[in-house]
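**Student:** So I've got this file, input-v1.cif, and it contains mmCIF, C-alpha atoms:
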```cif
data_data
loop_
_atom_site.label_atom_id
_atom_site.label_comp_id
_atom_site.auth_asym_id
_atom_site.auth_seq_id
_atom_site.Cartn_x
_atom_site.Cartn_y
_atom_site.Cartn_z
CA MET X 1 2.49 16.08 21.35
CA LYS X 2 5.84 17.06 19.91
CA LEU X 3 9.29 16.46 21.35
CA GLN X 4 11.55 19.50 21.81
CA THR X 5 15.16 18.65 22.62
CA ALA X 6 17.16 21.43 24.29
CA ILE X 7 20.90 21.93 23.88
CA ASP X 8 22.64 24.07 26.51
CA ARG X 9 26.02 24.92 27.99
CA VAL X 10 28.19 23.29 25.33
CA SER X 11 30.53 24.75 22.71
CA LEU X 12 29.06 25.79 19.38
CA GLU X 13 30.98 22.96 17.72
CA ASP X 14 29.40 20.40 20.03
CA ALA X 15 25.97 21.99 19.61
CA ALA X 16 26.27 21.84 15.81
CA ARG X 17 27.39 18.20 15.92
CA LEU X 18 24.45 17.31 18.16
CA ALA X 19 22.02 19.23 15.93
CA LYS X 20 23.22 17.25 12.92
CA GLN X 21 22.78 13.97 14.81
CA LEU X 22 19.29 14.89 15.97
CA ASP X 23 17.97 16.30 12.67
CA GLY X 24 14.79 14.42 11.78
CA LYS X 25 14.95 12.53 15.09
CA THR X 26 13.38 15.22 17.30
CA ASP X 27 10.41 17.36 16.23
CA ILE X 28 11.98 20.59 17.51
CA LEU X 29 15.58 21.39 18.40
CA GLU X 30 16.00 24.07 21.04
CA MET X 31 19.04 26.30 20.95
CA GLY X 32 19.21 27.05 24.68
CA THR X 33 19.70 30.50 26.19
CA SER X 34 23.32 29.70 27.01
CA LEU X 35 24.03 29.33 23.27
CA VAL X 36 22.13 32.55 22.53
CA LYS X 37 24.22 34.48 25.05
CA ASP X 38 27.53 32.75 24.36
CA TYR X 39 27.43 32.92 20.55
CA GLY X 40 24.60 35.19 19.40
CA ASN X 41 23.03 35.00 15.95
CA GLU X 42 25.97 33.05 14.56
CA ALA X 43 24.73 30.06 16.58
CA ILE X 44 21.22 30.37 15.10
CA ARG X 45 22.65 30.34 11.57
CA ARG X 46 24.97 27.47 12.37
CA LEU X 47 22.29 25.21 13.88
CA ARG X 48 19.81 26.20 11.15
CA GLY X 49 22.36 24.94 8.64
CA GLU X 50 22.41 21.51 10.28
CA LEU X 51 18.62 21.04 10.27
CA SER X 52 16.52 20.04 7.29
CA GLN X 53 13.68 18.06 8.92
CA THR X 54 13.53 19.46 12.45
CA SER X 55 12.24 22.90 13.53
CA LEU X 56 14.58 25.28 15.36
CA LEU X 57 13.51 27.01 18.56
CA VAL X 58 15.63 29.92 19.77
CA ASP X 59 15.34 30.27 23.55
CA SER X 60 15.87 34.01 23.49
CA LYS X 61 13.94 34.61 26.74
CA THR X 62 13.08 38.08 25.44
CA ILE X 63 11.86 40.43 28.17
CA ASP X 64 12.12 43.82 26.42
CA GLU X 65 12.70 45.14 22.89
CA GLY X 66 10.30 42.47 21.68
CA ALA X 67 10.10 43.35 18.00
CA TYR X 68 13.87 43.74 17.61
CA GLU X 69 14.77 40.44 19.26
CA PHE X 70 12.05 38.44 17.52
CA ASN X 71 12.88 39.90 14.11
CA GLN X 72 16.55 39.06 14.61
CA ALA X 73 15.95 35.49 15.76
CA PHE X 74 13.50 34.71 12.94
CA HIS X 75 15.69 36.44 10.35
CA HIS X 76 18.70 34.32 11.30
CA GLY X 77 16.72 31.07 11.07
CA GLY X 78 14.53 30.42 14.10
CA ASP X 79 11.06 28.88 13.62
CA ILE X 80 9.94 29.44 17.21
CA VAL X 81 11.27 32.11 19.59
CA THR X 82 10.65 32.50 23.32
CA VAL X 83 9.50 35.54 25.28
CA MET X 84 9.16 35.71 29.05
CA GLY X 85 5.65 35.81 30.47
CA ALA X 86 7.19 38.19 33.01
CA ALA X 87 7.64 40.79 30.24
CA SER X 88 5.18 43.65 29.90
CA HIS X 89 2.02 42.96 27.92
CA ALA X 90 3.32 45.48 25.36
CA THR X 91 6.47 43.40 24.85
CA LEU X 92 4.47 40.20 24.45
CA GLN X 93 2.18 41.96 21.97
CA ALA X 94 5.19 43.19 19.96
CA CYS X 95 6.67 39.67 19.82
CA TYR X 96 3.33 38.16 18.82
CA GLU X 97 2.84 40.62 15.99
CA VAL X 98 6.26 39.77 14.57
CA ALA X 99 5.63 36.02 14.89
CA GLN X 100 2.21 36.27 13.21
CA LYS X 101 3.57 38.46 10.42
CA GLU X 102 6.45 36.04 9.76
CA ASN X 103 4.09 33.05 9.96
CA LYS X 104 6.23 31.67 12.76
CA THR X 105 5.61 30.89 16.43
CA MET X 106 5.96 32.64 19.78
CA MET X 107 6.49 30.52 22.88
CA ILE X 108 5.77 32.21 26.21
CA ASP X 109 8.03 31.04 29.04
CA LEU X 110 5.97 31.09 32.25
CA LEU X 111 8.98 30.95 34.59
CA GLU X 112 8.09 32.76 37.84
CA VAL X 113 4.82 34.17 36.45
CA SER X 114 1.85 34.52 38.83
CA ASP X 115 -1.62 33.17 38.00
CA GLU X 116 -2.88 36.74 37.86
CA LYS X 117 -0.29 37.62 35.22
CA ILE X 118 -1.01 34.44 33.25
CA ALA X 119 -4.68 35.43 33.10
CA ALA X 120 -3.66 38.87 31.82
CA ILE X 121 -1.53 37.41 29.01
CA SER X 122 -3.82 34.55 27.96
CA ASN X 123 -4.98 36.34 24.80
CA PHE X 124 -2.43 35.05 22.29
CA PRO X 125 -4.25 32.07 20.74
CA GLU X 126 -1.45 30.97 18.39
CA ALA X 127 1.26 31.17 21.05
CA ILE X 128 2.57 28.15 22.96
CA TYR X 129 2.51 28.64 26.74
CA ALA X 130 5.42 26.84 28.42
CA LEU X 131 5.26 25.87 32.07
CA HIS X 132 8.85 26.13 33.24
CA HIS X 133 10.63 25.31 36.45
CA SER X 134 13.87 27.23 37.10
CA ILE X 135 17.06 25.19 36.89
CA ASP X 136 18.31 27.19 39.90
CA ARG X 137 15.49 26.11 42.24
CA GLU X 138 16.06 23.17 44.52
CA ASP X 139 12.49 21.91 44.51
CA LYS X 140 11.55 19.64 41.62
CA LEU X 141 8.76 19.92 39.10
CA ASP X 142 5.79 17.56 39.14
CA ALA X 143 5.17 17.90 35.41
CA VAL X 144 1.95 15.87 35.12
CA GLY X 145 0.41 17.55 38.17
CA SER X 146 1.48 21.03 37.03
CA VAL X 147 -0.02 20.53 33.57
CA ALA X 148 -3.30 19.21 35.04
CA ASP X 149 -3.52 22.17 37.44
CA PHE X 150 -2.72 24.65 34.69
CA HIS X 151 -5.31 23.15 32.35
CA GLN X 152 -7.96 23.38 35.05
CA LYS X 153 -7.11 26.99 35.92
CA PHE X 154 -6.71 28.23 32.33
CA PRO X 155 -8.93 26.03 30.13
CA THR X 156 -8.91 28.58 27.28
CA ILE X 157 -5.14 28.23 26.80
CA LYS X 158 -4.93 25.37 24.33
CA ARG X 159 -1.28 25.20 23.30
CA LEU X 160 0.80 24.06 26.24
CA ALA X 161 4.38 22.97 26.79
CA VAL X 162 6.34 21.95 29.86
CA ALA X 163 10.05 22.10 30.70
CA GLY X 164 12.30 21.46 33.68
CA GLY X 165 14.14 18.21 34.38
CA ILE X 166 11.73 16.04 32.35
CA ASP X 167 12.70 12.34 32.12
CA LEU X 168 11.33 9.33 30.19
CA PRO X 169 8.79 8.14 32.79
CA GLN X 170 7.39 11.68 32.97
CA VAL X 171 7.16 11.85 29.17
CA GLN X 172 5.23 8.58 29.10
CA LYS X 173 2.75 9.97 31.64
CA LEU X 174 2.49 13.29 29.80
CA ALA X 175 1.78 11.45 26.53
CA ALA X 176 -1.00 9.48 28.24
CA GLN X 177 -2.36 12.68 29.81
CA ASP X 178 -2.72 14.15 26.31
CA LEU X 179 -2.88 17.86 27.27
CA LEU X 180 0.43 19.09 25.85
CA LYS X 181 1.43 20.42 22.47
CA VAL X 182 5.17 20.18 23.23
CA VAL X 183 7.27 18.43 25.86
CA ILE X 184 10.74 19.87 26.39
CA VAL X 185 13.59 17.55 27.32
CA GLY X 186 17.13 18.74 27.96
CA SER X 187 19.93 16.84 29.62
CA LYS X 188 18.18 13.45 29.48
CA ILE X 189 18.79 13.54 25.72
CA ALA X 190 21.50 16.14 25.07
CA LYS X 191 23.78 14.95 27.88
CA ALA X 192 23.03 11.23 27.43
CA ALA X 193 25.97 8.95 26.61
CA ASP X 194 24.19 8.19 23.32
CA PRO X 195 21.88 11.09 22.44
CA VAL X 196 20.58 9.37 19.29
CA ALA X 197 19.50 6.30 21.24
CA ALA X 198 17.98 8.52 23.92
CA VAL X 199 16.00 10.68 21.51
CA LYS X 200 14.64 7.52 19.86
CA GLU X 201 13.29 6.28 23.21
CA PHE X 202 11.60 9.62 23.89
CA MET X 203 10.11 9.85 20.40
CA GLU X 204 8.72 6.32 20.69
CA ALA X 205 7.19 7.14 24.06
CA ILE X 206 5.48 10.15 22.48
CA HIS X 207 4.50 9.04 19.01
CA ASN X 208 3.48 5.45 19.69
CA GLY X 209 0.48 7.01 21.30
CA ASN X 210 -2.06 8.64 18.99
CA ASN X 211 -0.74 12.19 19.27
CA MET A 1 26.20 59.42 40.92
CA LYS A 2 27.84 57.68 37.98
CA LEU A 3 26.94 57.90 34.32
CA GLN A 4 26.24 54.64 32.49
CA THR A 5 26.01 54.96 28.71
CA ALA A 6 24.13 52.17 26.95
CA ILE A 7 24.87 50.99 23.41
CA ASP A 8 22.15 49.01 21.67
CA ARG A 9 20.94 47.84 18.25
CA VAL A 10 24.09 48.65 16.27
CA SER A 11 26.67 46.45 14.57
CA LEU A 12 29.58 45.18 16.64
CA GLU A 13 31.91 47.37 14.57
CA ASP A 14 29.89 50.48 15.42
CA ALA A 15 29.65 49.46 19.07
CA ALA A 16 33.42 48.97 19.30
CA ARG A 17 34.06 52.33 17.64
CA LEU A 18 31.69 54.06 20.06
CA ALA A 19 33.25 52.27 23.05
CA LYS A 20 36.67 53.54 22.01
CA GLN A 21 35.33 57.09 21.68
CA LEU A 22 33.62 56.95 25.08
CA ASP A 23 36.48 55.33 27.03
CA GLY A 24 37.29 57.56 30.00
CA LYS A 25 34.39 59.86 29.10
CA THR A 26 31.59 57.83 30.72
CA ASP A 27 31.92 56.09 34.09
CA ILE A 28 30.31 52.87 32.85
CA LEU A 29 29.72 51.61 29.32
CA GLU A 30 26.72 49.32 28.92
CA MET A 31 26.79 46.62 26.30
CA GLY A 32 23.04 46.40 25.70
CA THR A 33 21.03 43.18 25.53
CA SER A 34 20.78 43.48 21.75
CA LEU A 35 24.59 43.16 21.53
CA VAL A 36 24.56 40.23 23.98
CA LYS A 37 22.00 38.39 21.85
CA ASP A 38 23.36 39.41 18.46
CA TYR A 39 27.04 38.69 19.12
CA GLY A 40 27.47 36.78 22.39
CA ASN A 41 30.69 36.71 24.38
CA GLU A 42 32.72 37.93 21.42
CA ALA A 43 31.11 41.34 21.91
CA ILE A 44 32.09 41.42 25.59
CA ARG A 45 35.71 40.66 24.70
CA ARG A 46 35.69 43.21 21.88
CA LEU A 47 34.29 46.08 23.97
CA ARG A 48 36.50 45.15 26.92
CA GLY A 49 39.47 45.57 24.61
CA GLU A 50 38.44 49.15 23.81
CA LEU A 51 38.10 50.23 27.45
CA SER A 52 40.93 51.14 29.78
CA GLN A 53 39.34 53.76 32.04
CA THR A 54 35.63 52.94 31.87
CA SER A 55 33.85 49.98 33.49
CA LEU A 56 31.93 47.54 31.31
CA LEU A 57 28.36 46.51 32.15
CA VAL A 58 26.94 43.49 30.33
CA ASP A 59 23.14 43.75 30.14
CA SER A 60 22.65 40.00 30.18
CA LYS A 61 19.13 40.23 31.71
CA THR A 62 19.73 36.80 33.24
CA ILE A 63 16.52 35.12 34.39
CA ASP A 64 17.69 31.52 34.88
CA GLU A 65 20.99 29.62 35.01
CA GLY A 66 22.35 32.44 37.15
CA ALA A 67 25.79 31.06 38.00
CA TYR A 68 26.53 30.00 34.41
CA GLU A 69 25.58 33.31 32.81
CA PHE A 70 27.30 35.46 35.42
CA ASN A 71 30.50 33.40 35.31
CA GLN A 72 30.57 33.66 31.52
CA ALA A 73 29.98 37.41 31.43
CA PHE A 74 32.59 38.16 34.10
CA HIS A 75 35.07 35.74 32.59
CA HIS A 76 34.86 37.44 29.19
CA GLY A 77 35.40 40.90 30.67
CA GLY A 78 32.28 42.35 32.30
CA ASP A 79 32.61 44.35 35.54
CA ILE A 80 28.86 44.55 36.20
CA VAL A 81 26.24 42.06 34.96
CA THR A 82 22.45 42.34 35.10
CA VAL A 83 19.89 39.86 36.39
CA MET A 84 16.12 40.30 36.22
CA GLY A 85 14.31 41.02 39.47
CA ALA A 86 11.60 38.80 37.94
CA ALA A 87 13.93 35.79 38.28
CA SER A 88 13.50 33.35 41.16
CA HIS A 89 15.20 34.27 44.44
CA ALA A 90 17.42 31.22 43.90
CA THR A 91 18.64 32.64 40.58
CA LEU A 92 19.34 36.05 42.13
CA GLN A 93 21.20 34.35 44.97
CA ALA A 94 23.31 32.34 42.49
CA CYS A 95 24.22 35.50 40.55
CA TYR A 96 25.05 37.39 43.72
CA GLU A 97 27.36 34.67 44.98
CA VAL A 98 29.30 34.70 41.70
CA ALA A 99 29.54 38.51 41.73
CA GLN A 100 30.75 38.60 45.34
CA LYS A 101 33.27 35.82 44.73
CA GLU A 102 34.67 37.60 41.66
CA ASN A 103 34.69 40.94 43.50
CA LYS A 104 32.41 42.33 40.79
CA THR A 105 28.89 43.74 40.77
CA MET A 106 25.36 42.46 40.20
CA MET A 107 22.75 44.90 38.93
CA ILE A 108 19.11 43.87 39.42
CA ASP A 109 16.80 45.04 36.64
CA LEU A 110 13.41 45.82 38.21
CA LEU A 111 11.49 45.79 34.91
CA GLU A 112 7.90 44.66 35.59
CA VAL A 113 8.65 43.64 39.20
CA SER A 114 5.91 44.13 41.82
CA ASP A 115 6.55 45.91 45.14
CA GLU A 116 5.93 42.62 46.90
CA LYS A 117 8.67 40.94 44.88
CA ILE A 118 11.05 43.86 45.40
CA ALA A 119 10.61 43.51 49.16
CA ALA A 120 11.40 39.79 48.84
CA ILE A 121 14.65 40.43 46.95
CA SER A 122 15.89 43.45 48.91
CA ASN A 123 18.54 41.45 50.76
CA PHE A 124 21.52 41.91 48.42
CA PRO A 125 23.34 44.88 49.99
CA GLU A 126 26.13 45.14 47.41
CA ALA A 127 23.82 44.89 44.41
CA ILE A 128 22.60 47.87 42.42
CA TYR A 129 18.81 47.97 42.01
CA ALA A 130 17.82 49.48 38.65
CA LEU A 131 14.38 51.00 38.14
CA HIS A 132 13.62 50.31 34.52
CA HIS A 133 10.82 51.28 32.20
CA SER A 134 10.24 48.95 29.22
CA ILE A 135 11.17 50.39 25.84
CA ASP A 136 8.02 48.68 24.49
CA ARG A 137 5.59 50.55 26.76
CA GLU A 138 3.92 53.65 25.45
CA ASP A 139 3.72 55.48 28.76
CA LYS A 140 6.83 57.44 29.73
CA LEU A 141 8.93 57.25 32.87
CA ASP A 142 8.95 60.08 35.41
CA ALA A 143 12.47 59.29 36.59
CA VAL A 144 12.71 61.76 39.48
CA GLY A 145 9.27 60.85 40.81
CA SER A 146 9.91 57.10 40.44
CA VAL A 147 13.21 57.33 42.31
CA ALA A 148 11.63 59.37 45.12
CA ASP A 149 8.75 56.88 45.44
CA PHE A 150 11.10 53.92 45.42
CA HIS A 151 13.35 55.46 48.06
CA GLN A 152 10.37 56.09 50.32
CA LYS A 153 9.00 52.56 49.88
CA PHE A 154 12.34 50.76 50.18
CA PRO A 155 14.62 52.93 52.33
CA THR A 156 16.98 50.04 53.11
CA ILE A 157 17.95 49.68 49.43
CA LYS A 158 20.87 52.05 49.14
CA ARG A 159 22.33 51.46 45.69
CA LEU A 160 19.88 52.65 43.08
CA ALA A 161 19.95 53.19 39.34
CA VAL A 162 17.34 54.32 36.84
CA ALA A 163 16.92 53.67 33.11
CA GLY A 164 14.37 54.37 30.39
CA GLY A 165 14.46 57.31 28.00
CA ILE A 166 16.53 59.54 30.33
CA ASP A 167 17.50 62.94 28.86
CA LEU A 168 19.72 65.82 30.02
CA PRO A 169 17.09 67.81 31.98
CA GLN A 170 16.16 64.60 33.84
CA VAL A 171 19.82 63.91 34.63
CA GLN A 172 20.21 67.42 36.05
CA LYS A 173 17.22 66.86 38.32
CA LEU A 174 18.42 63.38 39.32
CA ALA A 175 21.85 64.82 40.22
CA ALA A 176 20.19 67.46 42.42
CA GLN A 177 17.96 64.81 43.98
CA ASP A 178 21.09 62.90 45.04
CA LEU A 179 19.51 59.47 45.61
CA LEU A 180 21.07 57.49 42.76
CA LYS A 181 24.27 55.52 42.46
CA VAL A 182 23.99 55.24 38.65
CA VAL A 183 21.96 56.99 35.96
CA ILE A 184 21.59 55.09 32.70
CA VAL A 185 21.40 57.01 29.44
CA GLY A 186 20.99 55.35 26.07
CA SER A 187 20.01 56.98 22.82
CA LYS A 188 20.52 60.56 24.04
CA ILE A 189 24.26 59.81 23.97
CA ALA A 190 24.77 56.73 21.81
CA LYS A 191 22.48 57.91 18.99
CA ALA A 192 23.47 61.59 19.23
CA ALA A 193 25.00 63.20 16.14
CA ASP A 194 28.14 63.75 18.23
CA PRO A 195 28.24 61.18 21.07
CA VAL A 196 31.48 62.60 22.52
CA ALA A 197 29.96 66.09 22.86
CA ALA A 198 26.78 64.57 24.30
CA VAL A 199 28.53 62.43 26.89
CA LYS A 200 30.53 65.50 28.00
CA GLU A 201 27.31 67.43 28.66
CA PHE A 202 25.87 64.57 30.70
CA MET A 203 29.08 64.07 32.69
CA GLU A 204 29.23 67.78 33.50
CA ALA A 205 25.62 67.74 34.64
CA ILE A 206 26.46 64.87 36.97
CA HIS A 207 29.93 65.59 38.25
CA ASN A 208 29.74 69.37 38.62
CA GLY A 209 27.55 68.61 41.58
CA ASN A 210 29.26 67.06 44.61
CA ASN A 211 28.46 63.43 43.77
#
```
Written as structure tokens, how would this file's structure read?

**Tutor:**
Amino acid sequence: MKLQTAIDRVSLEDAARLAKQLDGKTDILEMGTSLVKDYGNEAIRRLRGELSQTSLLVDSKTIDEGAYEFNQAFHHGGDIVTVMGAASHATLQACYEVAQKENKTMMIDLLEVSDEKIAAISNFPEAIYALHHSIDREDKLDAVGSVADFHQKFPTIKRLAVAGGIDLPQVQKLAAQDLLKVVIVGSKIAKAADPVAAVKEFMEAIHNGNN
Amino acid sequence: MKLQTAIDRVSLEDAARLAKQLDGKTDILEMGTSLVKDYGNEAIRRLRGELSQTSLLVDSKTIDEGAYEFNQAFHHGGDIVTVMGAASHATLQACYEVAQKENKTMMIDLLEVSDEKIAAISNFPEAIYALHHSIDREDKLDAVGSVADFHQKFPTIKRLAVAGGIDLPQVQKLAAQDLLKVVIVGSKIAKAADPVAAVKEFMEAIHNGNN
């Protein structure tokens, strides 16, 4: 299991400073959608420039114009780009073809996607499927339970991630559960008083296991 | 019926030049999602600066973090901002509250939204509901037929728009049909050899009626 640390709703200066601090200390750095929409491709280039040992995920949340958005995000420096599972199958296909051609990765954000739709879009073997709980919803995510349920319902989907208010105790349980490819942590690292100390705790929780 | 002209997949310089040319000649100028993701808020400010008589729509395609994204887009100069109908009801509610508070407008993009979900999100009376056909799909939109069907299925939704490969003959039929608040035209104006001549034809087709 890899640790993805998400940065959101900060200035580009603060995001770049945090990226520099976290380089080599998190497996993947996520440039959150707020940075995509506030700063555009400039932010991808800027964060890319701060990272030498950590992969960069661009949380584009593409839902149309799949080839254009994926080409742009990879071209400017992303290693992994997100598309919404709520997009049409044609959009997902277009994103996947770009990712495969560029030898990079598509992550499918399953926010508000029905089981029926998940079944219909389960045919992208190299993609990472991310269970995601909206930040705007008041109910909270049971990450371990959600991952177990998902794995039971969709056993052919092998590359899983989870996001949405994940904290250290949840990461410890997810590491023990051993079903995820990526765990996504946001504010518990990026908004911590000491993000470097926080990321170290999360990485230890993940990589002291045998993943 | 109002004319919304969408600009997409061009440089910010070209977009700004086109915005200046179209100011006062289209009712609404749409800053397409490609400009949002390529340039961020700078593009909103730049296009806003070119417009004195035309409203600015920011095609943010928000699907999470509703209040943050809507506040940002309005703050930087948008008059209308889009949210995906595929978002959670909580996200739509958050966007709507910001739009109402700012005395601005939310447009709901109904791309890939089921009838069941439309019924569940039909309770935003001041929002504009936009029927939208993915640019990535190979099948084409029958705009007049889609609007008629939608109106019959959801008669309580009064503020309608339609987007997806709309051309002049379709606009003439949509004007005669008289069910739309906004018709959205992209490449047929923005990629025309002479966009100013093209927008004039579309505006005449719309406003020579009694809408």

**Student:** Tell me which protein, DNA and RNA residues are within 9 Å of Leu51 (chain X), counting all atoms listed in the file, leaving out same-chain ones fewer than 2 positions away, and put them as JSON, numbers by chain.

**Tutor:** {"X": [19, 20, 22, 23, 24, 29, 47, 48, 49, 53, 54, 55, 56]}

**Student:** For each of A:Val10, A:Leu168, A:Leu180, A:Ile80, take the minimum atom-to-atom distance to chain X, counting only C-alpha atoms, then give the residue where this is smallest.

**Tutor:**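 Answer, going by the shortest atom-to-atom distance: A:Val10.
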
**Student:** Sorted by chain and rising residue number, list the residues of chain X at most 6 Å from chain A (counting all atoms listed in the file), each with its closest atom pair and distance in Å to one decimal, as a Markdown table.

**Tutor:**
```
| residue | atom | partner | partner_atom | distance |
| --- | --- | --- | --- | --- |
| X:Val36 | CA | A:Lys37 | CA | 5.9 |
| X:Lys37 | CA | A:Gly40 | CA | 4.8 |
| X:Asp38 | CA | A:Gly40 | CA | 4.5 |
| X:Tyr39 | CA | A:Gly40 | CA | 4.3 |
| X:Gly40 | CA | A:Tyr39 | CA | 4.3 |
| X:Asn41 | CA | A:Asp38 | CA | 5.1 |
| X:Ala90 | CA | A:Arg137 | CA | 5.7 |
| X:Thr91 | CA | A:Asp136 | CA | 5.5 |
| X:Asp136 | CA | A:Thr91 | CA | 5.5 |
| X:Arg137 | CA | A:Ala90 | CA | 5.7 |
```

**Student:** Tell me, in Å to one decimal, how far CA of Phe124 (chain X) is from CA of Met1 (chain X).

**Tutor:** 19.6 Å

**Student:** As an exercise, work out the distance from CA of Pro169 (chain A) to CA of Glu201 (chain A) in Å and give it to one decimal place.

**Tutor:**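 Between these atoms lies a distance of 10.8 Å.
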
**Student:** How would you write as a ChimeraX atom specification the residues that get within 6 Å of (17.7, 17.1, 25.3) in the file's frame, counting only C-alpha atoms?

**Tutor:** /X:5-7,185-190

**Student:** Determine the residue membership of the PyMOL selection byres ((chain A and resi 148) around 12) for the file above and supply it as number ranges by chain.

**Tutor:** A: 131, 142-147, 149-155, 160-162, 173-174, 177-180

**Student:** Since we have the selection now, will you write its residues out, keeping C-alpha atoms, as a PDB file, in the coordinates of the input?

**Tutor:**
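Generated output (selection_20.pdb):
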```pdb
ATOM      1  CA  LEU A 131      14.380  51.000  38.140  1.00  0.00           C
ATOM      2  CA  ASP A 142       8.950  60.080  35.410  1.00  0.00           C
ATOM      3  CA  ALA A 143      12.470  59.290  36.590  1.00  0.00           C
ATOM      4  CA  VAL A 144      12.710  61.760  39.480  1.00  0.00           C
ATOM      5  CA  GLY A 145       9.270  60.850  40.810  1.00  0.00           C
ATOM      6  CA  SER A 146       9.910  57.100  40.440  1.00  0.00           C
ATOM      7  CA  VAL A 147      13.210  57.330  42.310  1.00  0.00           C
ATOM      8  CA  ASP A 149       8.750  56.880  45.440  1.00  0.00           C
ATOM      9  CA  PHE A 150      11.100  53.920  45.420  1.00  0.00           C
ATOM     10  CA  HIS A 151      13.350  55.460  48.060  1.00  0.00           C
ATOM     11  CA  GLN A 152      10.370  56.090  50.320  1.00  0.00           C
ATOM     12  CA  LYS A 153       9.000  52.560  49.880  1.00  0.00           C
ATOM     13  CA  PHE A 154      12.340  50.760  50.180  1.00  0.00           C
ATOM     14  CA  PRO A 155      14.620  52.930  52.330  1.00  0.00           C
ATOM     15  CA  LEU A 160      19.880  52.650  43.080  1.00  0.00           C
ATOM     16  CA  ALA A 161      19.950  53.190  39.340  1.00  0.00           C
ATOM     17  CA  VAL A 162      17.340  54.320  36.840  1.00  0.00           C
ATOM     18  CA  LYS A 173      17.220  66.860  38.320  1.00  0.00           C
ATOM     19  CA  LEU A 174      18.420  63.380  39.320  1.00  0.00           C
ATOM     20  CA  GLN A 177      17.960  64.810  43.980  1.00  0.00           C
ATOM     21  CA  ASP A 178      21.090  62.900  45.040  1.00  0.00           C
ATOM     22  CA  LEU A 179      19.510  59.470  45.610  1.00  0.00           C
ATOM     23  CA  LEU A 180      21.070  57.490  42.760  1.00  0.00           C
TER      24      LEU A 180
END
```

**Student:** Just checking: using all atoms listed in the file, which residue out of X:Lys25, X:Arg159, X:Arg17, X:His132 ends up closest to Phe202 (chain X)?

**Tutor:**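 Selected residue with least distance to Phe202 (chain X): X:Lys25.
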
**Student:** In file coordinates, which residues lie within 10 Å of (8.8, 8.1, 21.7) using only C-alpha atoms, given as a list in words?

**Tutor:**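 The residues that fall inside the cut-off are Lys2, Leu3, Thr26, Leu168, Val171, Gln172, Ala175, Ala198, Val199, Lys200, Glu201, Phe202, Met203, Glu204, Ala205, Ile206, His207, Asn208 and Gly209 of chain X.
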
**Student:** Box for region 31-41 of chain A - axis-aligned, 5 Å on each of the six sides, all listed atoms - centre and size in Å to one decimal, as AutoDock Vina command-line options.

**Tutor:**
```
--center_x 25.7 --center_y 41.7 --center_z 22.4 --size_x 19.9 --size_y 19.9 --size_z 17.8
```

**Student:** For a test of reading the model, state the distance in Å between CA of Asp59 (chain A) and CA of Gly32 (chain A), rounded to one decimal.

**Tutor:** 5.2 Å

**Student:** On this structure, which residues satisfy the PyMOL selection byres ((chain A and resi 129) around 9), written as a list in words?

**Tutor:**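 Given this file, the PyMOL selection byres ((chain A and resi 129) around 9) evaluates to Gly85, Met106, Met107, Ile108, Asp109, Leu110, Ser122, Ala127, Ile128, Ala130, Leu131, Ile157, Lys158, Arg159, Leu160, Ala161 and Val162 of chain A.
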
**Student:** Could you take the residues named above and write them with C-alpha atoms, as a PDB file, in the coordinates of the input?

**Tutor:**
```
ATOM      1  CA  GLY A  85      14.310  41.020  39.470  1.00  0.00           C
ATOM      2  CA  MET A 106      25.360  42.460  40.200  1.00  0.00           C
ATOM      3  CA  MET A 107      22.750  44.900  38.930  1.00  0.00           C
ATOM      4  CA  ILE A 108      19.110  43.870  39.420  1.00  0.00           C
ATOM      5  CA  ASP A 109      16.800  45.040  36.640  1.00  0.00           C
ATOM      6  CA  LEU A 110      13.410  45.820  38.210  1.00  0.00           C
ATOM      7  CA  SER A 122      15.890  43.450  48.910  1.00  0.00           C
ATOM      8  CA  ALA A 127      23.820  44.890  44.410  1.00  0.00           C
ATOM      9  CA  ILE A 128      22.600  47.870  42.420  1.00  0.00           C
ATOM     10  CA  ALA A 130      17.820  49.480  38.650  1.00  0.00           C
ATOM     11  CA  LEU A 131      14.380  51.000  38.140  1.00  0.00           C
ATOM     12  CA  ILE A 157      17.950  49.680  49.430  1.00  0.00           C
ATOM     13  CA  LYS A 158      20.870  52.050  49.140  1.00  0.00           C
ATOM     14  CA  ARG A 159      22.330  51.460  45.690  1.00  0.00           C
ATOM     15  CA  LEU A 160      19.880  52.650  43.080  1.00  0.00           C
ATOM     16  CA  ALA A 161      19.950  53.190  39.340  1.00  0.00           C
ATOM     17  CA  VAL A 162      17.340  54.320  36.840  1.00  0.00           C
TER      18      VAL A 162
END
```
